[in-house]
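Below: data-v2.txt (compact mmCIF, C-alpha atoms and all ligand atoms)
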# COMPACT_ATOMS: atom_id res chain seq x y z
CA MET K 1150 90.02 14.18 26.78
CA LYS K 1151 90.26 14.93 23.08
CA ILE K 1152 88.93 12.22 20.73
CA HIS K 1153 90.91 12.19 17.49
CA LYS K 1154 89.51 11.25 14.13
CA SER K 1155 90.66 7.79 13.02
CA LEU K 1156 92.45 7.16 9.73
CA GLY K 1157 89.44 5.13 8.55
CA GLU K 1158 87.01 7.98 9.29
CA PHE K 1159 89.33 10.51 7.64
CA ILE K 1160 89.59 8.44 4.46
CA VAL K 1161 85.83 8.02 4.17
CA GLU K 1162 85.34 11.76 4.75
CA LYS K 1163 87.92 12.72 2.11
CA GLN K 1164 86.90 10.16 -0.52
CA SER K 1165 85.79 12.85 -2.93
CA ASP K 1166 89.28 14.40 -2.81
CA PHE K 1167 90.84 11.24 -4.20
CA PRO K 1168 91.49 12.16 -7.79
CA HIS K 1169 91.04 8.67 -9.21
CA ALA K 1170 89.33 6.42 -6.79
CA LYS K 1171 86.20 5.87 -4.86
CA GLY K 1172 86.16 2.93 -2.50
CA GLU K 1173 89.17 1.31 -4.13
CA LEU K 1174 91.87 3.56 -2.78
CA SER K 1175 90.30 3.45 0.68
CA ALA K 1176 90.42 -0.34 0.69
CA LEU K 1177 94.00 -0.24 -0.49
CA LEU K 1178 95.06 2.22 2.19
CA SER K 1179 93.33 0.12 4.77
CA ALA K 1180 95.44 -2.91 3.71
CA ILE K 1181 98.53 -0.76 4.26
CA LYS K 1182 97.18 0.37 7.64
CA LEU K 1183 96.61 -3.23 8.74
CA SER K 1184 100.07 -4.33 7.59
CA ALA K 1185 101.67 -1.40 9.40
CA LYS K 1186 100.01 -2.49 12.64
CA ILE K 1187 101.35 -6.03 12.28
CA VAL K 1188 104.87 -4.86 11.41
CA ASN K 1189 104.72 -2.40 14.31
CA ARG K 1190 103.83 -5.23 16.68
CA GLU K 1191 106.81 -7.29 15.53
CA ILE K 1192 109.26 -4.39 15.66
CA ASN K 1193 108.17 -3.59 19.20
CA LYS K 1194 109.22 -6.99 20.42
CA ALA K 1195 112.26 -7.24 18.16
CA GLY K 1196 114.69 -7.67 21.04
CA LEU K 1197 112.64 -10.51 22.53
CA ALA K 1198 111.73 -12.68 19.57
CA ASP K 1199 114.05 -14.34 17.10
CA ILE K 1200 113.41 -11.79 14.41
CA THR K 1201 116.45 -9.54 14.45
CA GLY K 1202 119.60 -10.01 12.42
CA ALA K 1203 120.43 -11.12 8.93
CA SER K 1204 118.36 -13.74 7.15
CA GLY K 1205 121.34 -15.14 5.27
CA VAL K 1206 119.79 -14.14 1.92
CA GLU K 1207 120.95 -11.32 -0.37
CA ASN K 1208 118.55 -9.23 -2.43
CA ILE K 1209 119.09 -8.52 -6.13
CA GLN K 1210 121.07 -5.41 -5.19
CA GLY K 1211 123.62 -7.56 -3.36
CA GLU K 1212 122.48 -6.39 0.08
CA GLN K 1213 121.99 -8.73 2.99
CA GLN K 1214 118.26 -9.05 3.77
CA GLN K 1215 117.30 -8.79 7.41
CA LYS K 1216 114.68 -11.13 8.86
CA LEU K 1217 112.40 -8.19 9.49
CA ASP K 1218 112.82 -6.94 5.89
CA MET K 1219 111.46 -10.24 4.65
CA PHE K 1220 108.75 -10.44 7.28
CA ALA K 1221 107.49 -6.92 6.44
CA ASN K 1222 107.59 -7.73 2.73
CA GLU K 1223 105.39 -10.81 3.22
CA ILE K 1224 102.91 -8.97 5.44
CA PHE K 1225 102.39 -6.06 3.04
CA LYS K 1226 102.27 -8.34 0.01
CA ASN K 1227 99.71 -10.70 1.54
CA ALA K 1228 97.50 -7.88 2.81
CA LEU K 1229 97.50 -6.28 -0.65
CA ILE K 1230 96.75 -9.59 -2.41
CA ALA K 1231 93.80 -10.13 -0.08
CA ARG K 1232 92.04 -6.86 -1.00
CA GLY K 1233 91.76 -7.28 -4.77
CA GLU K 1234 92.41 -3.64 -5.75
CA VAL K 1235 96.08 -4.29 -6.49
CA CYS K 1236 97.16 -6.42 -9.45
CA GLY K 1237 100.87 -6.39 -8.68
CA ILE K 1238 103.66 -5.04 -6.56
CA ALA K 1239 107.32 -4.14 -6.82
CA SER K 1240 109.44 -4.18 -3.72
CA GLU K 1241 113.01 -3.60 -2.63
CA GLU K 1242 112.95 -7.21 -1.41
CA GLU K 1243 111.68 -8.78 -4.66
CA ASP K 1244 114.01 -9.27 -7.64
CA ASN K 1245 111.21 -8.68 -10.15
CA TYR K 1246 107.72 -7.26 -9.96
CA VAL K 1247 105.08 -9.67 -8.71
CA PHE K 1248 101.83 -10.25 -10.62
CA PHE K 1249 98.93 -11.17 -8.37
CA ASP K 1250 97.59 -13.82 -10.69
CA ASN K 1251 94.55 -14.86 -8.70
CA LYS K 1252 90.89 -14.40 -9.54
CA ASN K 1253 90.47 -11.77 -6.86
CA SER K 1254 93.37 -9.52 -7.82
CA ARG K 1255 94.33 -9.98 -11.45
CA ASN K 1256 91.96 -7.26 -12.64
CA GLY K 1257 92.86 -4.81 -9.88
CA ASN K 1258 93.37 -1.24 -11.07
CA TYR K 1259 96.46 -0.38 -9.00
CA VAL K 1260 100.09 -1.30 -8.55
CA VAL K 1261 102.02 -0.66 -5.34
CA LEU K 1262 105.76 -0.09 -5.12
CA MET K 1263 107.29 -0.33 -1.69
CA ASP K 1264 110.26 -0.53 0.55
CA PRO K 1265 108.65 -2.64 3.28
CA LEU K 1266 111.30 -1.88 5.88
CA ASP K 1267 113.65 0.97 5.14
CA GLY K 1268 116.70 1.71 7.28
CA SER K 1269 117.63 -1.94 7.77
CA SER K 1270 120.90 -1.09 9.50
CA ASN K 1271 118.87 0.40 12.37
CA ILE K 1272 116.63 -2.61 13.04
CA ASP K 1273 118.86 -4.38 15.52
CA VAL K 1274 119.78 -1.29 17.52
CA ASN K 1275 116.32 0.03 18.39
CA VAL K 1276 116.50 3.07 16.14
CA SER K 1277 113.62 4.28 13.93
CA VAL K 1278 112.88 2.47 10.70
CA GLY K 1279 110.07 2.94 8.19
CA THR K 1280 107.89 1.56 5.42
CA ILE K 1281 107.60 3.57 2.19
CA PHE K 1282 104.85 3.05 -0.40
CA SER K 1283 103.88 4.45 -3.77
CA ILE K 1284 100.61 3.78 -5.61
CA TYR K 1285 99.82 4.10 -9.33
CA ARG K 1286 96.88 3.22 -11.52
CA ARG K 1287 97.94 0.50 -13.91
CA VAL K 1288 98.36 1.49 -17.55
CA SER K 1289 98.19 -2.01 -19.04
CA PRO K 1290 94.78 -3.47 -19.98
CA ALA K 1291 92.88 -4.63 -16.90
CA ASP K 1292 92.13 -8.08 -18.30
CA GLY K 1293 95.77 -9.05 -18.88
CA PRO K 1294 98.81 -9.56 -16.68
CA VAL K 1295 100.51 -6.58 -15.10
CA GLU K 1296 103.40 -5.23 -17.22
CA ILE K 1297 106.71 -3.56 -16.42
CA GLU K 1298 105.27 -0.27 -17.82
CA ASP K 1299 102.80 -0.25 -14.93
CA PHE K 1300 105.76 0.14 -12.56
CA LEU K 1301 108.01 2.39 -14.64
CA GLN K 1302 105.66 5.38 -14.59
CA VAL K 1303 106.93 8.88 -13.97
CA GLY K 1304 106.56 9.91 -10.31
CA ARG K 1305 104.03 12.64 -11.12
CA LYS K 1306 101.53 9.91 -11.99
CA GLN K 1307 101.40 8.60 -8.42
CA VAL K 1308 97.85 8.62 -7.05
CA ALA K 1309 98.95 8.18 -3.46
CA ALA K 1310 102.15 7.73 -1.50
CA GLY K 1311 103.23 7.64 2.09
CA TYR K 1312 105.33 6.16 4.80
CA VAL K 1313 105.01 4.56 8.18
CA ILE K 1314 107.62 5.57 10.75
CA TYR K 1315 108.23 3.11 13.55
CA GLY K 1316 109.77 5.55 16.00
CA SER K 1317 109.20 6.76 19.54
CA SER K 1318 105.61 6.52 18.37
CA THR K 1319 104.40 4.92 15.16
CA MET K 1320 102.93 7.23 12.53
CA LEU K 1321 101.40 6.81 9.11
CA VAL K 1322 101.85 9.84 6.85
CA PHE K 1323 100.29 9.90 3.38
CA THR K 1324 99.12 12.02 0.49
CA THR K 1325 96.61 11.46 -2.28
CA GLY K 1326 97.57 14.75 -3.93
CA ASN K 1327 95.56 16.95 -1.58
CA GLY K 1328 98.04 17.74 1.15
CA VAL K 1329 99.95 15.56 3.58
CA HIS K 1330 98.30 14.12 6.66
CA GLY K 1331 99.82 12.28 9.61
CA PHE K 1332 98.21 9.75 11.92
CA THR K 1333 99.72 8.56 15.17
CA TYR K 1334 99.14 4.96 16.24
CA ASP K 1335 97.48 4.53 19.61
CA PRO K 1336 98.35 0.94 20.58
CA SER K 1337 95.85 0.93 23.44
CA ILE K 1338 92.94 1.12 21.00
CA GLY K 1339 94.74 -0.27 17.95
CA MET K 1340 94.00 2.76 15.78
CA PHE K 1341 95.83 5.39 13.75
CA CYS K 1342 94.47 8.77 14.90
CA LEU K 1343 94.70 12.07 13.04
CA SER K 1344 97.44 14.06 14.75
CA HIS K 1345 99.01 16.15 11.97
CA GLU K 1346 96.50 17.48 9.42
CA SER K 1347 97.81 19.34 6.34
CA LEU K 1348 101.50 19.20 7.17
CA THR K 1349 103.68 21.87 5.60
CA ILE K 1350 107.44 22.13 5.84
CA PRO K 1351 108.99 25.35 7.18
CA LYS K 1352 110.37 27.45 4.28
CA SER K 1353 113.81 27.25 5.82
CA GLY K 1354 115.45 25.40 8.68
CA LYS K 1355 118.66 24.72 10.56
CA ILE K 1356 119.09 20.98 10.03
CA TYR K 1357 121.20 19.29 7.38
CA SER K 1358 121.16 15.50 7.11
CA LEU K 1359 123.71 13.55 5.15
CA ASN K 1360 126.28 10.86 5.81
CA GLU K 1361 129.34 13.00 6.39
CA GLY K 1362 131.52 9.89 6.51
CA ASN K 1363 131.25 9.93 2.72
CA TYR K 1364 132.57 13.53 2.51
CA ILE K 1365 135.67 12.68 0.53
CA LYS K 1366 133.52 11.06 -2.16
CA PHE K 1367 130.91 13.84 -2.43
CA PRO K 1368 130.56 15.94 -5.58
CA LEU K 1369 132.17 19.36 -5.23
CA GLY K 1370 128.79 21.15 -5.05
CA VAL K 1371 127.78 19.07 -1.99
CA LYS K 1372 131.18 19.63 -0.32
CA LYS K 1373 130.83 23.37 -0.80
CA TYR K 1374 127.22 23.37 0.42
CA LEU K 1375 128.21 21.39 3.50
CA LYS K 1376 130.93 23.92 4.33
CA TYR K 1377 128.36 26.70 3.80
CA CYS K 1378 126.09 24.96 6.38
CA GLN K 1379 128.97 24.95 8.88
CA GLU K 1380 130.04 28.58 8.47
CA GLU K 1381 129.08 31.29 10.94
CA ASP K 1382 126.64 33.89 9.63
CA GLU K 1383 124.06 35.53 11.85
CA SER K 1384 121.83 36.79 9.07
CA THR K 1385 121.17 33.26 7.80
CA ASN K 1386 121.20 31.60 11.22
CA ARG K 1387 124.34 29.59 10.50
CA PRO K 1388 126.01 27.36 11.45
CA PHE K 1389 123.23 24.83 10.90
CA THR K 1390 122.85 21.62 12.91
CA SER K 1391 123.80 18.17 11.67
CA ARG K 1392 121.26 15.38 12.30
CA TYR K 1393 121.48 12.02 10.54
CA ILE K 1394 119.67 8.87 11.62
CA GLY K 1395 120.40 6.75 8.56
CA SER K 1396 116.72 5.89 8.02
CA LEU K 1397 115.37 7.99 5.17
CA VAL K 1398 111.85 8.02 6.61
CA ALA K 1399 113.01 9.23 10.02
CA ASP K 1400 115.40 11.84 8.61
CA PHE K 1401 112.73 13.12 6.21
CA HIS K 1402 110.02 13.12 8.88
CA ARG K 1403 112.10 15.19 11.30
CA ASN K 1404 113.04 17.69 8.60
CA LEU K 1405 109.41 17.91 7.46
CA LEU K 1406 108.32 18.92 10.95
CA LYS K 1407 111.27 21.15 11.85
CA GLY K 1408 112.64 22.39 8.54
CA GLY K 1409 115.83 21.01 7.06
CA ILE K 1410 117.51 19.38 4.12
CA TYR K 1411 118.35 15.71 3.41
CA ILE K 1412 121.00 14.80 0.86
CA TYR K 1413 122.17 11.41 -0.44
CA PRO K 1414 124.31 12.44 -3.39
CA GLN K 1415 126.10 10.60 -6.16
CA THR K 1416 129.77 9.78 -5.72
CA ALA K 1417 132.46 8.80 -8.16
CA GLN K 1418 132.02 5.17 -7.06
CA ALA K 1419 128.20 5.33 -7.08
CA PRO K 1420 127.28 7.83 -9.82
CA SER K 1421 123.55 7.31 -9.18
CA GLY K 1422 123.75 7.53 -5.40
CA LYS K 1423 122.25 4.89 -3.13
CA LEU K 1424 118.53 5.46 -2.84
CA ARG K 1425 116.05 3.82 -5.17
CA LEU K 1426 113.94 6.02 -7.43
CA LEU K 1427 110.74 4.01 -7.54
CA TYR K 1428 110.02 3.02 -3.97
CA GLU K 1429 112.15 5.41 -1.91
CA CYS K 1430 112.62 8.72 -3.72
CA ASN K 1431 109.39 9.02 -5.75
CA PRO K 1432 106.99 8.53 -2.83
CA ILE K 1433 109.03 10.82 -0.56
CA ALA K 1434 109.19 13.39 -3.38
CA PHE K 1435 105.40 13.29 -3.82
CA LEU K 1436 104.94 13.90 -0.08
CA ALA K 1437 107.64 16.58 -0.14
CA GLU K 1438 106.02 18.58 -2.94
CA GLN K 1439 102.60 18.23 -1.33
CA ALA K 1440 104.06 19.65 1.88
CA GLY K 1441 105.74 22.60 0.14
CA ALA K 1442 109.20 21.05 0.08
CA LEU K 1443 111.39 20.36 -2.95
CA ALA K 1444 112.79 16.99 -4.02
CA THR K 1445 115.41 16.73 -6.78
CA ASP K 1446 118.46 14.83 -7.97
CA GLY K 1447 120.44 18.01 -7.30
CA TYR K 1448 119.18 19.62 -10.49
CA ASN K 1449 115.84 18.21 -11.68
CA PRO K 1450 112.61 17.38 -9.85
CA ILE K 1451 112.54 13.69 -8.93
CA LEU K 1452 108.87 13.46 -9.98
CA ASP K 1453 109.78 14.35 -13.59
CA LEU K 1454 112.39 11.60 -14.05
CA LYS K 1455 111.41 8.79 -16.40
CA PRO K 1456 112.30 5.47 -14.75
CA THR K 1457 114.06 2.87 -16.83
CA GLU K 1458 114.39 -0.05 -14.42
CA LEU K 1459 112.77 -1.34 -11.27
CA HIS K 1460 115.64 -0.98 -8.83
CA GLU K 1461 117.36 2.07 -10.33
CA ARG K 1462 119.08 4.50 -8.01
CA VAL K 1463 119.15 8.26 -8.07
CA PRO K 1464 120.92 11.05 -6.15
CA PHE K 1465 118.39 12.52 -3.73
CA PHE K 1466 118.05 16.03 -2.30
CA THR K 1467 114.90 17.00 -0.41
CA GLY K 1468 113.85 19.60 2.11
CA SER K 1469 112.82 23.15 2.89
CA PRO K 1470 112.56 25.19 -0.31
CA GLU K 1471 115.00 27.96 0.65
CA MET K 1472 117.67 25.48 1.76
CA MET K 1473 117.15 23.44 -1.39
CA GLU K 1474 117.57 26.53 -3.58
CA THR K 1475 120.92 27.28 -1.97
CA ALA K 1476 122.03 23.66 -2.39
CA HIS K 1477 121.00 23.74 -6.07
CA GLN K 1478 123.01 26.91 -6.55
CA PHE K 1479 126.13 25.19 -5.21
CA MET K 1480 125.47 22.13 -7.39
CA THR K 1481 125.19 24.30 -10.48
CA ASP K 1482 128.11 26.60 -9.65
CA PHE K 1483 130.46 23.70 -8.91
CA LYS K 1484 129.23 21.19 -11.44
CA GLU K 1485 132.02 18.82 -12.46
CA ASP K 1486 132.24 16.14 -15.07
CA ARG K 1487 132.64 12.92 -13.19
P1 LIG K 1501 118.04 0.30 2.92
O1 LIG K 1501 116.84 0.35 2.01
O2 LIG K 1501 118.96 -0.83 2.56
O3 LIG K 1501 117.66 0.31 4.35
O4 LIG K 1501 118.92 1.61 2.58
C1 LIG K 1501 118.31 2.86 2.55
C2 LIG K 1501 118.79 3.68 3.70
C3 LIG K 1501 118.04 4.96 3.90
O5 LIG K 1501 116.96 4.79 4.76
C4 LIG K 1501 119.07 5.84 4.52
O6 LIG K 1501 118.79 7.18 4.35
C5 LIG K 1501 120.32 5.40 3.83
O7 LIG K 1501 120.11 4.08 3.42
C6 LIG K 1501 121.49 5.42 4.74
O8 LIG K 1501 122.60 5.00 4.05
P2 LIG K 1501 124.06 5.15 4.67
O9 LIG K 1501 124.17 4.14 5.77
O10 LIG K 1501 124.97 4.87 3.50
O11 LIG K 1501 124.20 6.57 5.17
MG MG K 1502 115.33 1.14 1.59
For this file, write the structure as structure tokens.
Ligand code: AHM
Ligand code: MG
Amino acid sequence: MKIHKSLGEFIVEKQSDFPHAKGELSALLSAIKLSAKIVNREINKAGLADITGASGVENIQGEQQQKLDMFANEIFKNALIARGEVCGIASEEEDNYVFFDNKNSRNGNYVVLMDPLDGSSNIDVNVSVGTIFSIYRRVSPADGPVEIEDFLQVGRKQVAAGYVIYGSSTMLVFTTGNGVHGFTYDPSIGMFCLSHESLTIPKSGKIYSLNEGNYIKFPLGVKKYLKYCQEEDESTNRPFTSRYIGSLVADFHRNLLKGGIYIYPQTAQAPSGKLRLLYECNPIAFLAEQAGALATDGYNPILDLKPTELHERVPFFTGSPEMMETAHQFMTDFKEDR
């Protein structure tokens, strides 16, 4: 029987690869690991306990918060407060950023931005959901309170990012800027074990993932690209296959392993799309680039965009480089003024 390396062992072994941190980033990742285990436990019994469904509260973006959204938010927040490396967080479920103003944490060197439970519409129906996280070094002085500038850093400044996918198995996938590594949770021993070292995305693929129900609202470039995916052409292996789960983490994870493209574009009604730059697109874009994929707003790399507000949205295109190049071509050729 093969014994896999644990996430803890892997982190200790790779400490010297962490561009900015010694023990600090390890401790921080281990808080995320612990929170993921607790959230995983709750999700696994979601049909049995009174934790599914809406909480009755709306978040600042006017969306109904699910009970599990709020539960996951509290778990991750409390685990990060307890470690002391993090001086503040921003979260999809918090209106404003949160300063950890306690003796232990206020001088922490890092901020974490997260979507504690992404894919909320899938919670109650036993379909994969995820946690997404993004980590930066703070830029404000360490002896003062955390500032908005600490959170509005350009994506290229991330020191680590990752996601947890609660799927047919639970996996934690992360990068610290030296490749992308995946760990599968073994519930029998309570450990994340190295299962996917140095993940790279296939250069091309057959899968396209987008919510086709929105077709009528898509920009012309996306409509044309979608029709291109559906045409017959032997030399390019078309028609491609449509796969859409409606959980960014799960759709991205599948495309990362198999090759594919994920698109959540802008529409006339939502000119910035749906997904949030800071805690959905930036971390996924960091992972994507580290795995040899591309991640853009249809034109520009996501990691180069300068954020202006905490919950801002951005059109999101990510996937295998050859598929992305074709999609970009359509976006440029059929650019319209909306
Ligand atoms: P959420 O953060 O409220 O869960 O929304 C984000 C999710 C993504 O995971 C997913 O890709 C997208 O919304 C699906 O949106 P839609 O149902 O409009 O296709
Ligand atoms: Mg989300």
To test the calculation: enclose all listed atoms of ligand LIG 1501 (chain K) in a box whose edges run along x, y and z, add 5 Å on each side, then state centre and edge lengths in Å to one decimal, as AutoDock Vina command-line options.
--center_x 120.9 --center_y 3.2 --center_z 3.9 --size_x 18.1 --size_y 18.0 --size_z 13.8
Find the residues near ligand LIG 1501 (chain K). Use a cut-off of 9 Å, count all atoms listed in the file, and write them as a ChimeraX atom specification.
-> /K:1212-1214,1218,1241,1264-1271,1278-1279,1359-1363,1393-1401,1411-1413,1423-1425,1429
Closest of K:Ile1281, K:Met1473, K:Ile1451, K:Met1320 to ligand MG 1502 (chain K) - atom-to-atom distances counting all atoms listed in the file =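 With all atoms listed in the file as the atom set, the closest residue is K:Ile1281.
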Pick from K:Cys1430, K:Leu1443, K:Met1150, K:Val1261, whichever lies nearest to ligand MG 1502 (chain K) using only C-alpha atoms and all ligand atoms =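 Of the candidates, the smallest distance to ligand MG 1502 (chain K) is held by K:Cys1430.
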Write out as JSON, numbers by chain which residues come within 12 Å of K:Glu1438 when counting only C-alpha atoms, dropping same-chain ones fewer than 4 positions away.
-> {"K": [1304, 1305, 1310, 1324, 1325, 1326, 1327, 1328, 1329, 1348, 1349, 1350, 1405, 1430, 1431, 1432, 1433, 1434, 1442, 1443, 1444, 1445, 1450, 1451, 1452, 1467, 1468, 1469, 1470]}
Compute the distance from (86.2, 2.4, 0.0) to each atom, counting all atoms listed in the file, keep the residues with any atom at most 12 Å away, and return them as a list of chain:residue names; use the coordinates of the file.
->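 All residues meeting the 12 Å criterion around (86.2, 2.4, 0.0) are K:Gly1157, K:Glu1158, K:Phe1159, K:Ile1160, K:Val1161, K:Glu1162, K:Lys1163, K:Gln1164, K:Ser1165, K:Phe1167, K:Ala1170, K:Lys1171, K:Gly1172, K:Glu1173, K:Leu1174, K:Ser1175, K:Ala1176, K:Leu1177, K:Leu1178, K:Ser1179, K:Ala1180, K:Arg1232, K:Glu1234.
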Could you please determine the separation between atom CA of K:Val1235 and atom CA of K:Leu1427 in Å, to one decimal place?
->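 Between atom CA of K:Val1235 and atom CA of K:Leu1427 the gap is 16.9 Å.
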When you draw a straight line from atom CA of K:Asn1222 to atom CA of K:Ile1181, how long is it in Å?
-> 11.5 Å
Closest to K:Tyr1334 among K:Thr1385, K:Thr1319, K:Ser1358, K:Thr1416, using all atoms listed in the file?
-> K:Thr1319
What is the distance between atom CA of K:Glu1191 and atom CA of K:Val1260, in Å to one decimal?
->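 A separation of 25.7 Å between them.
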Compare K:Ala1203, K:Val1247, K:Ile1314, K:Ile1209 by their minimum atom-to-atom distance to K:Glu1223, counting all atoms listed in the file, and give me the closest one.
->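 Of all the options, K:Val1247 lies closest to K:Glu1223.
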Counting only C-alpha atoms, figure out which residue out of K:Phe1220, K:Tyr1448, K:Phe1479, K:Tyr1246 gets nearest to K:Tyr1374.
->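 Checking each of K:Phe1220, K:Tyr1448, K:Phe1479, K:Tyr1246 against K:Tyr1374, counting only C-alpha atoms, the winner is K:Phe1479.
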As a PDB file, keeping the file's coordinate frame, please: stretch 1269-1281 of chain K completed to N, CA and C atoms.
ATOM      1  N   SER K1269     117.339  -0.610   7.200  1.00  0.00           N
ATOM      2  CA  SER K1269     117.630  -1.940   7.770  1.00  0.00           C
ATOM      3  C   SER K1269     118.755  -1.935   8.792  1.00  0.00           C
ATOM      4  N   SER K1270     119.753  -1.057   8.584  1.00  0.00           N
ATOM      5  CA  SER K1270     120.900  -1.090   9.500  1.00  0.00           C
ATOM      6  C   SER K1270     120.499  -0.647  10.902  1.00  0.00           C
ATOM      7  N   ASN K1271     119.318  -0.076  11.048  1.00  0.00           N
ATOM      8  CA  ASN K1271     118.870   0.400  12.370  1.00  0.00           C
ATOM      9  C   ASN K1271     117.962  -0.586  13.108  1.00  0.00           C
ATOM     10  N   ILE K1272     117.597  -1.682  12.447  1.00  0.00           N
ATOM     11  CA  ILE K1272     116.630  -2.610  13.040  1.00  0.00           C
ATOM     12  C   ILE K1272     117.126  -3.165  14.367  1.00  0.00           C
ATOM     13  N   ASP K1273     118.365  -3.649  14.354  1.00  0.00           N
ATOM     14  CA  ASP K1273     118.860  -4.380  15.520  1.00  0.00           C
ATOM     15  C   ASP K1273     119.265  -3.492  16.683  1.00  0.00           C
ATOM     16  N   VAL K1274     119.247  -2.179  16.479  1.00  0.00           N
ATOM     17  CA  VAL K1274     119.780  -1.290  17.520  1.00  0.00           C
ATOM     18  C   VAL K1274     118.695  -0.335  18.039  1.00  0.00           C
ATOM     19  N   ASN K1275     117.429  -0.709  17.804  1.00  0.00           N
ATOM     20  CA  ASN K1275     116.320   0.030  18.390  1.00  0.00           C
ATOM     21  C   ASN K1275     116.252   1.492  17.951  1.00  0.00           C
ATOM     22  N   VAL K1276     116.576   1.716  16.689  1.00  0.00           N
ATOM     23  CA  VAL K1276     116.500   3.070  16.140  1.00  0.00           C
ATOM     24  C   VAL K1276     115.417   3.062  15.048  1.00  0.00           C
ATOM     25  N   SER K1277     114.773   4.213  14.836  1.00  0.00           N
ATOM     26  CA  SER K1277     113.620   4.280  13.930  1.00  0.00           C
ATOM     27  C   SER K1277     113.871   3.701  12.548  1.00  0.00           C
ATOM     28  N   VAL K1278     112.889   2.965  12.078  1.00  0.00           N
ATOM     29  CA  VAL K1278     112.880   2.470  10.700  1.00  0.00           C
ATOM     30  C   VAL K1278     111.529   2.843  10.086  1.00  0.00           C
ATOM     31  N   GLY K1279     111.332   2.525   8.821  1.00  0.00           N
ATOM     32  CA  GLY K1279     110.070   2.940   8.190  1.00  0.00           C
ATOM     33  C   GLY K1279     109.636   2.001   7.093  1.00  0.00           C
ATOM     34  N   THR K1280     108.404   2.208   6.625  1.00  0.00           N
ATOM     35  CA  THR K1280     107.890   1.560   5.420  1.00  0.00           C
ATOM     36  C   THR K1280     107.571   2.692   4.449  1.00  0.00           C
ATOM     37  N   ILE K1281     107.924   2.533   3.181  1.00  0.00           N
ATOM     38  CA  ILE K1281     107.600   3.570   2.190  1.00  0.00           C
ATOM     39  C   ILE K1281     106.745   2.932   1.094  1.00  0.00           C
TER      40      ILE K1281
END
